[in-house]
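Enquirer: My structure is stored as input.csv, with CSV, C-alpha atoms and all ligand atoms.
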chain,number,residue,atom,x,y,z
Q,466,MET,CA,-79.9,-6.6,-100.6
Q,467,CYS,CA,-79.5,-6.6,-96.8
Q,468,GLU,CA,-77.3,-4.2,-94.9
Q,469,ARG,CA,-74.6,-6.8,-94.5
Q,470,CYS,CA,-74.5,-7.6,-98.2
Q,471,VAL,CA,-74.2,-3.9,-99.0
Q,472,GLU,CA,-71.3,-3.6,-96.6
Q,473,ASP,CA,-69.6,-6.7,-98.1
Q,474,ALA,CA,-70.0,-5.4,-101.6
Q,475,ALA,CA,-68.5,-2.1,-100.7
Q,476,ARG,CA,-65.6,-3.8,-99.1
Q,477,ARG,CA,-65.0,-6.0,-102.2
Q,478,THR,CA,-65.1,-2.9,-104.5
Q,479,SER,CA,-62.6,-1.1,-102.3
Q,480,PHE,CA,-60.3,-4.2,-102.2
Q,481,ALA,CA,-60.3,-4.5,-106.0
Q,482,ARG,CA,-59.7,-0.7,-106.5
Q,483,ARG,CA,-56.8,-0.8,-104.0
Q,484,HIS,CA,-55.3,-3.8,-105.8
Q,485,VAL,CA,-55.4,-1.9,-109.1
Q,486,LEU,CA,-54.0,1.3,-107.6
Q,487,GLN,CA,-51.1,-0.5,-105.9
Q,488,PHE,CA,-50.1,-2.1,-109.2
Q,489,ALA,CA,-50.3,1.2,-110.9
Q,490,ALA,CA,-47.9,2.6,-108.2
Q,491,VAL,CA,-45.5,-0.3,-108.9
Q,492,ALA,CA,-45.7,0.3,-112.6
Q,493,ALA,CA,-45.1,4.0,-112.1
Q,494,ALA,CA,-42.0,3.1,-110.1
Q,495,GLY,CA,-40.6,1.6,-113.3
Q,496,LEU,CA,-41.1,-2.0,-112.7
Q,497,ALA,CA,-42.5,-4.4,-115.4
Q,498,VAL,CA,-45.5,-5.8,-113.7
Q,499,ALA,CA,-46.5,-9.4,-114.5
Q,500,PRO,CA,-49.1,-11.6,-112.9
Q,501,LEU,CA,-47.3,-13.2,-110.0
Q,502,ALA,CA,-49.6,-16.1,-109.1
Q,503,PRO,CA,-53.1,-17.3,-109.6
Q,504,GLU,CA,-53.9,-16.7,-105.9
Q,505,ALA,CA,-53.2,-13.0,-106.4
Q,506,ASN,CA,-56.9,-12.2,-106.0
Q,507,ALA,CA,-56.9,-10.4,-109.3
Q,508,LYS,CA,-60.5,-11.4,-109.8
Q,509,GLY,CA,-63.3,-11.8,-107.4
Q,510,PRO,CA,-63.7,-10.9,-103.7
Q,511,PRO,CA,-61.0,-11.5,-101.2
Q,512,PRO,CA,-61.5,-14.9,-99.4
Q,513,LYS,CA,-61.4,-13.2,-96.0
Q,514,PRO,CA,-63.3,-9.9,-96.2
Q,515,GLU,CA,-62.6,-9.4,-92.5
Q,516,ASN,CA,-58.9,-9.1,-93.3
Q,517,VAL,CA,-59.4,-6.0,-95.5
Q,518,VAL,CA,-58.4,-3.5,-92.7
Q,519,SER,CA,-56.3,-0.5,-92.2
Q,520,PRO,CA,-52.7,-0.8,-90.9
Q,521,ASP,CA,-53.7,0.4,-87.4
Q,522,ALA,CA,-56.7,-2.0,-87.3
Q,523,ALA,CA,-54.4,-4.9,-88.4
Q,524,LEU,CA,-52.0,-4.0,-85.5
Q,525,ASP,CA,-54.9,-3.9,-83.1
Q,526,ARG,CA,-56.0,-7.4,-84.2
Q,527,LEU,CA,-52.5,-8.7,-83.5
Q,528,VAL,CA,-52.5,-7.0,-80.0
Q,529,GLN,CA,-55.9,-8.4,-79.2
Q,530,GLY,CA,-55.0,-11.9,-80.4
Q,531,ASN,CA,-51.8,-11.9,-78.3
Q,532,ALA,CA,-53.9,-10.8,-75.3
Q,533,ARG,CA,-56.1,-13.8,-75.7
Q,534,TYR,CA,-53.1,-16.1,-76.1
Q,535,VAL,CA,-51.4,-14.7,-73.0
Q,536,GLY,CA,-54.6,-15.1,-71.0
Q,537,GLY,CA,-55.2,-18.7,-72.3
Q,538,LEU,CA,-58.4,-17.6,-74.0
Q,539,THR,CA,-57.6,-18.4,-77.6
Q,540,LYS,CA,-60.4,-19.1,-80.0
Q,541,ARG,CA,-61.4,-22.4,-81.4
Q,542,HIS,CA,-60.5,-22.2,-85.1
Q,543,ASP,CA,-62.6,-23.9,-87.7
Q,544,PHE,CA,-59.8,-25.1,-89.9
Q,545,LYS,CA,-62.1,-27.5,-91.9
Q,546,HIS,CA,-64.6,-25.0,-93.2
Q,547,GLU,CA,-62.1,-22.3,-94.1
Q,548,ARG,CA,-60.2,-24.6,-96.4
Q,549,GLU,CA,-62.6,-24.1,-99.3
Q,550,PRO,CA,-62.6,-20.3,-99.5
Q,551,LEU,CA,-58.8,-20.3,-99.2
Q,552,THR,CA,-58.4,-22.4,-102.3
Q,553,GLN,CA,-59.5,-19.2,-104.2
Q,554,GLY,CA,-56.8,-16.9,-102.9
Q,555,GLN,CA,-55.4,-15.3,-99.8
Q,556,ASN,CA,-55.5,-11.8,-98.3
Q,557,PRO,CA,-53.5,-12.0,-95.0
Q,558,PHE,CA,-54.0,-8.9,-92.8
Q,559,ALA,CA,-50.4,-9.0,-91.5
Q,560,GLY,CA,-46.9,-10.1,-92.5
Q,561,VAL,CA,-44.6,-11.3,-89.7
Q,562,LEU,CA,-40.8,-11.7,-89.9
Q,563,SER,CA,-40.1,-14.1,-87.1
Q,564,CYS,CA,-37.1,-16.1,-85.9
Q,565,ALA,CA,-37.1,-19.8,-86.8
Q,566,ASP,CA,-36.9,-20.7,-83.1
Q,567,SER,CA,-39.4,-23.5,-82.3
Q,568,ARG,CA,-40.7,-21.6,-79.2
Q,569,ILE,CA,-42.0,-18.8,-81.4
Q,570,ALA,CA,-45.1,-19.5,-83.4
Q,571,PRO,CA,-46.7,-16.3,-84.9
Q,572,GLU,CA,-50.0,-17.9,-85.8
Q,573,LEU,CA,-50.4,-19.2,-82.3
Q,574,CYS,CA,-49.2,-16.2,-80.3
Q,575,PHE,CA,-51.5,-13.9,-82.2
Q,576,ASP,CA,-54.4,-16.4,-82.1
Q,577,THR,CA,-54.9,-16.3,-85.9
Q,578,ALA,CA,-56.1,-18.8,-88.5
Q,579,ARG,CA,-54.9,-19.9,-91.9
Q,580,GLY,CA,-55.0,-17.0,-94.4
Q,581,ASP,CA,-54.4,-14.4,-91.7
Q,582,LEU,CA,-50.7,-14.1,-91.5
Q,583,PHE,CA,-48.0,-14.0,-94.2
Q,584,VAL,CA,-45.0,-15.3,-92.2
Q,585,CYS,CA,-41.3,-15.3,-93.1
Q,586,ARG,CA,-39.0,-17.1,-90.7
Q,587,VAL,CA,-35.2,-17.2,-90.5
Q,588,ALA,CA,-33.0,-17.7,-87.5
Q,589,GLY,CA,-32.3,-14.2,-86.2
Q,590,ASN,CA,-35.4,-12.6,-87.9
Q,591,PHE,CA,-33.4,-10.4,-90.3
Q,592,ALA,CA,-34.5,-9.2,-93.8
Q,593,ASN,CA,-32.3,-10.4,-96.6
Q,594,ASP,CA,-33.3,-9.9,-100.3
Q,595,ASP,CA,-35.5,-13.0,-100.3
Q,596,ILE,CA,-37.4,-11.8,-97.3
Q,597,VAL,CA,-37.8,-8.3,-98.7
Q,598,ALA,CA,-39.1,-9.8,-102.0
Q,599,SER,CA,-41.5,-12.0,-100.0
Q,600,PHE,CA,-43.0,-9.0,-98.2
Q,601,GLU,CA,-43.1,-7.1,-101.5
Q,602,TYR,CA,-45.4,-9.8,-102.8
Q,603,ALA,CA,-47.5,-9.7,-99.7
Q,604,VAL,CA,-47.9,-5.9,-100.0
Q,605,ALA,CA,-48.2,-5.4,-103.7
Q,606,VAL,CA,-50.2,-8.5,-104.6
Q,607,LEU,CA,-52.0,-9.6,-101.5
Q,608,ASN,CA,-52.6,-6.1,-100.1
Q,609,THR,CA,-51.3,-6.9,-96.7
Q,610,PRO,CA,-51.4,-3.6,-94.7
Q,611,LEU,CA,-49.0,-4.4,-91.8
Q,612,ILE,CA,-45.6,-6.0,-91.4
Q,613,MET,CA,-44.2,-6.9,-88.0
Q,614,VAL,CA,-40.6,-7.8,-87.3
Q,615,LEU,CA,-40.8,-10.1,-84.3
Q,616,GLY,CA,-37.7,-10.8,-82.2
Q,617,HIS,CA,-37.7,-12.8,-79.0
Q,618,ASP,CA,-36.0,-13.2,-75.7
Q,619,ALA,CA,-32.9,-15.4,-75.5
Q,620,CYS,CA,-32.4,-15.6,-79.3
Q,621,GLY,CA,-29.8,-18.3,-80.0
Q,622,ALA,CA,-28.9,-16.8,-83.3
Q,623,VAL,CA,-28.1,-13.4,-81.9
Q,624,ASP,CA,-26.3,-15.0,-79.0
Q,625,ALA,CA,-24.1,-17.1,-81.4
Q,626,ALA,CA,-23.3,-13.9,-83.4
Q,627,ILE,CA,-22.3,-12.1,-80.2
Q,628,LYS,CA,-20.0,-15.0,-79.2
Q,629,SER,CA,-18.5,-15.3,-82.7
Q,630,ILE,CA,-17.7,-11.6,-82.9
Q,631,LYS,CA,-16.5,-11.2,-79.4
Q,632,ASP,CA,-14.2,-14.3,-79.5
Q,633,GLY,CA,-13.1,-13.7,-83.1
Q,634,THR,CA,-14.1,-17.3,-84.0
Q,635,THR,CA,-15.6,-18.5,-87.3
Q,636,LEU,CA,-18.7,-20.8,-86.9
Q,637,PRO,CA,-18.9,-24.0,-89.0
Q,638,GLY,CA,-21.0,-24.6,-92.1
Q,639,HIS,CA,-23.2,-21.8,-93.3
Q,640,LEU,CA,-23.6,-20.2,-89.9
Q,641,PRO,CA,-21.2,-17.3,-90.7
Q,642,SER,CA,-23.9,-15.9,-93.0
Q,643,LEU,CA,-26.1,-15.5,-89.9
Q,644,VAL,CA,-23.3,-13.8,-88.1
Q,645,ALA,CA,-22.8,-11.4,-91.0
Q,646,ALA,CA,-26.5,-10.5,-91.0
Q,647,LEU,CA,-26.6,-10.0,-87.3
Q,648,GLY,CA,-23.2,-8.4,-86.9
Q,649,PRO,CA,-24.3,-4.8,-87.3
Q,650,SER,CA,-26.6,-5.1,-84.3
Q,651,VAL,CA,-23.9,-6.8,-82.2
Q,652,LYS,CA,-21.4,-4.1,-83.0
Q,653,ALA,CA,-23.9,-1.3,-82.4
Q,654,VAL,CA,-24.5,-2.4,-78.8
Q,655,GLN,CA,-21.2,-3.8,-77.7
Q,656,ASP,CA,-20.2,-0.6,-75.8
Q,657,GLN,CA,-23.7,0.1,-74.5
Q,658,GLY,CA,-23.4,-1.8,-71.2
Q,659,GLY,CA,-26.3,-3.7,-69.6
Q,660,ASP,CA,-27.6,-6.9,-71.1
Q,661,MET,CA,-25.8,-7.2,-74.4
Q,662,LEU,CA,-27.9,-10.0,-75.7
Q,663,ALA,CA,-31.2,-8.2,-75.0
Q,664,ASN,CA,-29.8,-5.0,-76.4
Q,665,ALA,CA,-28.7,-6.7,-79.6
Q,666,ILE,CA,-32.1,-8.5,-80.0
Q,667,ARG,CA,-33.8,-5.1,-79.7
Q,668,ASP,CA,-31.4,-3.4,-82.1
Q,669,ASN,CA,-31.8,-6.1,-84.6
Q,670,VAL,CA,-35.6,-5.7,-84.6
Q,671,VAL,CA,-35.4,-1.9,-84.9
Q,672,ARG,CA,-32.8,-2.2,-87.6
Q,673,ASN,CA,-34.9,-4.6,-89.7
Q,674,VAL,CA,-38.1,-2.5,-89.3
Q,675,GLU,CA,-36.1,0.4,-90.8
Q,676,LYS,CA,-34.7,-1.8,-93.5
Q,677,LEU,CA,-38.2,-3.1,-94.6
Q,678,ARG,CA,-39.8,0.4,-94.2
Q,679,THR,CA,-37.2,1.9,-96.5
Q,680,ALA,CA,-36.9,-0.9,-99.0
Q,681,ALA,CA,-37.5,0.8,-102.3
Q,682,PRO,CA,-39.5,0.8,-104.5
Q,683,ILE,CA,-42.4,-1.2,-103.2
Q,684,LEU,CA,-42.3,-1.2,-99.5
Q,685,LYS,CA,-41.0,2.3,-99.2
Q,686,ALA,CA,-43.6,3.8,-101.5
Q,687,ASN,CA,-46.4,2.0,-99.6
Q,688,ALA,CA,-45.0,3.1,-96.2
Q,689,ASP,CA,-44.6,6.7,-97.4
Q,690,ASP,CA,-48.2,6.7,-98.6
Q,691,LYS,CA,-49.3,5.3,-95.2
Q,692,LYS,CA,-50.8,2.3,-97.0
Q,693,ILE,CA,-48.8,0.0,-94.8
Q,694,ARG,CA,-47.1,0.1,-91.4
Q,695,VAL,CA,-43.9,-1.7,-90.4
Q,696,VAL,CA,-43.6,-2.2,-86.7
Q,697,GLY,CA,-41.2,-4.1,-84.4
Q,698,ALA,CA,-41.9,-6.3,-81.4
Q,699,ILE,CA,-40.3,-8.8,-79.0
Q,700,TYR,CA,-41.9,-12.0,-77.9
Q,701,ARG,CA,-41.4,-12.6,-74.2
Q,702,LEU,CA,-40.7,-16.3,-73.5
Q,703,GLN,CA,-41.8,-16.2,-69.9
Q,704,THR,CA,-45.3,-14.8,-70.5
Q,705,GLY,CA,-46.0,-15.1,-74.2
Q,706,ARG,CA,-46.6,-11.4,-74.3
Q,707,VAL,CA,-45.5,-9.5,-77.5
Q,708,ASP,CA,-44.1,-6.1,-76.6
Q,709,LEU,CA,-44.0,-3.4,-79.3
Q,710,VAL,CA,-40.6,-1.7,-79.5
Q,711,SER,CA,-40.9,0.4,-82.7
Q,801,ZN,ZN,-34.1,-16.6,-82.3
Would you mind giving the structure from this file in structure tokens?
Ligand SMILES: [Zn+2]
Expert:
Amino acid sequence: MCERCVEDAARRTSFARRHVLQFAAVAAAGLAVAPLAPEANAKGPPPKPENVVSPDAALDRLVQGNARYVGGLTKRHDFKHEREPLTQGQNPFAGVLSCADSRIAPELCFDTARGDLFVCRVAGNFANDDIVASFEYAVAVLNTPLIMVLGHDACGAVDAAIKSIKDGTTLPGHLPSLVAALGPSVKAVQDQGGDMLANAIRDNVVRNVEKLRTAAPILKANADDKKIRVVGAIYRLQTGRVDLVS
């Protein structure tokens, strides 16, 4: 067995052990654990061994990928040849909660390929129960070590929430549900002075980082044990740079 094979075998063993331990932790928390999906990597090696990394290494990969994107030096991705291994499962190295805004594309701005990011998107990038559940799946089943809440400059959803709350108007259709979700950030910054939209965007990121980090039992237990990190960042429309804020 060559050195590379030994290294890969060790990585696979560690991945399998971690998977079992994480489910033991979930079971200990009192949850009935059932197989969630065939792609849960319960058997066999992860399809992307290079994605089995620590939370800090995962964040570093996002930072490095964003630097390539900002500099116009993104990699040429081999989408064709990575299809086959990804039919066997997935082990994304980071989860991203992003706005639905068409100008924000996590896979592009971090220069990542398929199978690398577990992305949840909703206008205003806030974590409701469905989003929390989605990241619980990523962490408990797919062993994703990092979650990033990614806000962005000039967010239309946050701006609409500010206007609705300031003017006391009710938006049409289902839009009031966005206003309700973003309302706490709008109210938190309304007496701060300065750029209210920028302040609310930042507050919303920080607030949702905290919400995900403390979402019991799964995310909180993994964050407390330092098996995952939850961080916040803002995408700058002008430069494409992603600035960490929490
Ligand atoms: Zn937005």
Enquirer: Write as an mmCIF file with C-alpha atoms, keeping the file's coordinate frame the residues around ligand ZN 801 (chain Q), taking 6 Å as the cut-off and counting only C-alpha atoms and all ligand atoms.
Expert:
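To be explicit, this is the file written out as result.cif:
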data_model
loop_
_atom_site.group_PDB
_atom_site.id
_atom_site.type_symbol
_atom_site.label_atom_id
_atom_site.label_comp_id
_atom_site.auth_asym_id
_atom_site.auth_seq_id
_atom_site.Cartn_x
_atom_site.Cartn_y
_atom_site.Cartn_z
ATOM 1 C CA CYS Q 564 -37.100 -16.100 -85.900
ATOM 2 C CA ASP Q 566 -36.900 -20.700 -83.100
ATOM 3 C CA ALA Q 588 -33.000 -17.700 -87.500
ATOM 4 C CA GLY Q 589 -32.300 -14.200 -86.200
ATOM 5 C CA CYS Q 620 -32.400 -15.600 -79.300
ATOM 6 C CA GLY Q 621 -29.800 -18.300 -80.000
ATOM 7 C CA ALA Q 622 -28.900 -16.800 -83.300
#
Enquirer: Could you list, as JSON, numbers by chain, every residue within 9 Å of range 536-552 of chain Q, counting all atoms listed in the file and ignoring same-chain residues fewer than 5 positions away?
Expert: {"Q": [504, 512, 513, 530, 531, 573, 575, 576, 577, 578, 579, 580]}
Enquirer: Those selected residues, please, written with C-alpha atoms and delivered as a short mmCIF file (atom, residue, chain, number, x, y, z; two decimals), in the frame of the given file.
Expert:
data_model
loop_
_atom_site.label_atom_id
_atom_site.label_comp_id
_atom_site.auth_asym_id
_atom_site.auth_seq_id
_atom_site.Cartn_x
_atom_site.Cartn_y
_atom_site.Cartn_z
CA GLU Q 504 -53.90 -16.70 -105.90
CA PRO Q 512 -61.50 -14.90 -99.40
CA LYS Q 513 -61.40 -13.20 -96.00
CA GLY Q 530 -55.00 -11.90 -80.40
CA ASN Q 531 -51.80 -11.90 -78.30
CA LEU Q 573 -50.40 -19.20 -82.30
CA PHE Q 575 -51.50 -13.90 -82.20
CA ASP Q 576 -54.40 -16.40 -82.10
CA THR Q 577 -54.90 -16.30 -85.90
CA ALA Q 578 -56.10 -18.80 -88.50
CA ARG Q 579 -54.90 -19.90 -91.90
CA GLY Q 580 -55.00 -17.00 -94.40
#
Enquirer: Can you report as lines of an AutoDock Vina configuration file the centre and edge lengths in Å, to one decimal, of an axis-aligned box around the listed atoms of range 668-682 of chain Q padded with 4 Å on each side?
Expert:
center_x = -35.6
center_y = -2.1
center_z = -93.3
size_x = 16.4
size_y = 16.0
size_z = 30.4
Enquirer: Rank nothing, just name the residue among Q:Ala605, Q:Val614, Q:Ala646, Q:Val670 nearest to Lys685 in chain Q, using only C-alpha atoms.
Expert: Q:Ala605
Enquirer: Excluding Ala559 in chain Q and residues on its chain fewer than 2 positions from it, collect all residues at most 12 Å away from it, counting all atoms listed in the file, and give them as a VMD selection string.
Expert: chain Q and resid 516 to 528 555 to 557 561 to 562 571 to 572 575 577 to 585 600 603 to 604 607 to 614 693 to 696
Enquirer: How many Å lie between CA of Leu702 in chain Q and CA of Val674 in chain Q, rounded to one decimal?
Expert: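 CA of Val674 in chain Q lies 21.1 Å from CA of Leu702 in chain Q.
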Enquirer: Using only C-alpha atoms, which residue out of Q:Ile627, Q:Ser563, Q:Arg533, Q:Gly509 lies closest to Ile596 in chain Q?
Expert: Q:Ser563
Enquirer: From the coordinates I just gave you, please extract range 653-678 of chain Q so that only N, CA, C and O atoms remain, then output it as a compact mmCIF listing (two decimals), in the first residue's frame.
Expert:
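The resulting file, out-v2.txt, is shown below:
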# COMPACT_ATOMS: atom_id res chain seq x y z
N ALA Q 653 -33.89 46.19 15.98
CA ALA Q 653 -32.65 46.28 16.79
C ALA Q 653 -31.77 47.43 16.35
O ALA Q 653 -31.00 47.97 17.16
N VAL Q 654 -31.83 47.81 15.08
CA VAL Q 654 -30.89 48.85 14.59
C VAL Q 654 -31.56 50.19 14.32
O VAL Q 654 -30.88 51.14 13.93
N GLN Q 655 -32.87 50.28 14.52
CA GLN Q 655 -33.55 51.49 14.06
C GLN Q 655 -33.11 52.77 14.80
O GLN Q 655 -33.24 53.86 14.25
N ASP Q 656 -32.56 52.63 15.99
CA ASP Q 656 -32.10 53.83 16.70
C ASP Q 656 -30.57 53.95 16.70
O ASP Q 656 -30.01 54.76 17.42
N GLN Q 657 -29.93 53.14 15.87
CA GLN Q 657 -28.45 53.10 15.89
C GLN Q 657 -27.81 54.29 15.17
O GLN Q 657 -26.69 54.66 15.45
N GLY Q 658 -28.49 54.86 14.20
CA GLY Q 658 -27.86 55.88 13.36
C GLY Q 658 -27.02 55.21 12.29
O GLY Q 658 -26.83 54.00 12.30
N GLY Q 659 -26.51 56.03 11.37
CA GLY Q 659 -25.69 55.47 10.29
C GLY Q 659 -26.57 54.84 9.22
O GLY Q 659 -27.74 55.19 9.06
N ASP Q 660 -26.00 53.91 8.50
CA ASP Q 660 -26.70 53.25 7.38
C ASP Q 660 -27.59 52.14 7.92
O ASP Q 660 -27.13 51.06 8.27
N MET Q 661 -28.90 52.44 7.97
CA MET Q 661 -29.82 51.48 8.60
C MET Q 661 -29.87 50.16 7.85
O MET Q 661 -29.92 49.09 8.46
N LEU Q 662 -29.84 50.22 6.51
CA LEU Q 662 -29.90 48.98 5.74
C LEU Q 662 -28.66 48.11 6.00
O LEU Q 662 -28.77 46.91 6.29
N ALA Q 663 -27.49 48.72 5.96
CA ALA Q 663 -26.25 47.96 6.21
C ALA Q 663 -26.24 47.39 7.62
O ALA Q 663 -25.83 46.24 7.84
N ASN Q 664 -26.69 48.21 8.58
CA ASN Q 664 -26.72 47.75 9.97
C ASN Q 664 -27.68 46.57 10.16
O ASN Q 664 -27.38 45.62 10.88
N ALA Q 665 -28.84 46.64 9.50
CA ALA Q 665 -29.83 45.57 9.63
C ALA Q 665 -29.34 44.28 8.95
O ALA Q 665 -29.56 43.17 9.45
N ILE Q 666 -28.65 44.44 7.81
CA ILE Q 666 -28.10 43.27 7.11
C ILE Q 666 -27.09 42.55 8.00
O ILE Q 666 -27.11 41.33 8.15
N ARG Q 667 -26.24 43.34 8.63
CA ARG Q 667 -25.22 42.76 9.52
C ARG Q 667 -25.87 42.13 10.75
O ARG Q 667 -25.53 41.00 11.14
N ASP Q 668 -26.82 42.83 11.35
CA ASP Q 668 -27.50 42.30 12.54
C ASP Q 668 -28.20 40.97 12.21
O ASP Q 668 -28.16 40.03 13.00
N ASN Q 669 -28.80 40.92 11.03
CA ASN Q 669 -29.53 39.71 10.62
C ASN Q 669 -28.58 38.52 10.47
O ASN Q 669 -28.91 37.39 10.82
N VAL Q 670 -27.38 38.78 9.96
CA VAL Q 670 -26.37 37.71 9.84
C VAL Q 670 -25.97 37.22 11.23
O VAL Q 670 -26.01 36.02 11.53
N VAL Q 671 -25.61 38.17 12.09
CA VAL Q 671 -25.14 37.81 13.43
C VAL Q 671 -26.23 37.07 14.20
O VAL Q 671 -25.98 36.07 14.87
N ARG Q 672 -27.45 37.57 14.08
CA ARG Q 672 -28.60 36.97 14.78
C ARG Q 672 -28.83 35.53 14.33
O ARG Q 672 -29.11 34.64 15.13
N ASN Q 673 -28.69 35.28 13.03
CA ASN Q 673 -28.96 33.92 12.53
C ASN Q 673 -27.79 32.97 12.76
O ASN Q 673 -27.99 31.76 12.88
N VAL Q 674 -26.58 33.52 12.86
CA VAL Q 674 -25.45 32.69 13.29
C VAL Q 674 -25.75 32.17 14.70
O VAL Q 674 -25.60 30.98 14.99
N GLU Q 675 -26.19 33.09 15.55
CA GLU Q 675 -26.47 32.71 16.94
C GLU Q 675 -27.63 31.71 16.99
O GLU Q 675 -27.60 30.74 17.77
N LYS Q 676 -28.63 31.92 16.16
CA LYS Q 676 -29.78 31.01 16.15
C LYS Q 676 -29.35 29.60 15.75
O LYS Q 676 -29.75 28.62 16.38
N LEU Q 677 -28.53 29.50 14.72
CA LEU Q 677 -28.09 28.17 14.28
C LEU Q 677 -27.15 27.53 15.30
O LEU Q 677 -27.24 26.34 15.59
N ARG Q 678 -26.26 28.36 15.86
CA ARG Q 678 -25.27 27.83 16.82
C ARG Q 678 -25.95 27.29 18.07
O ARG Q 678 -25.45 26.36 18.70
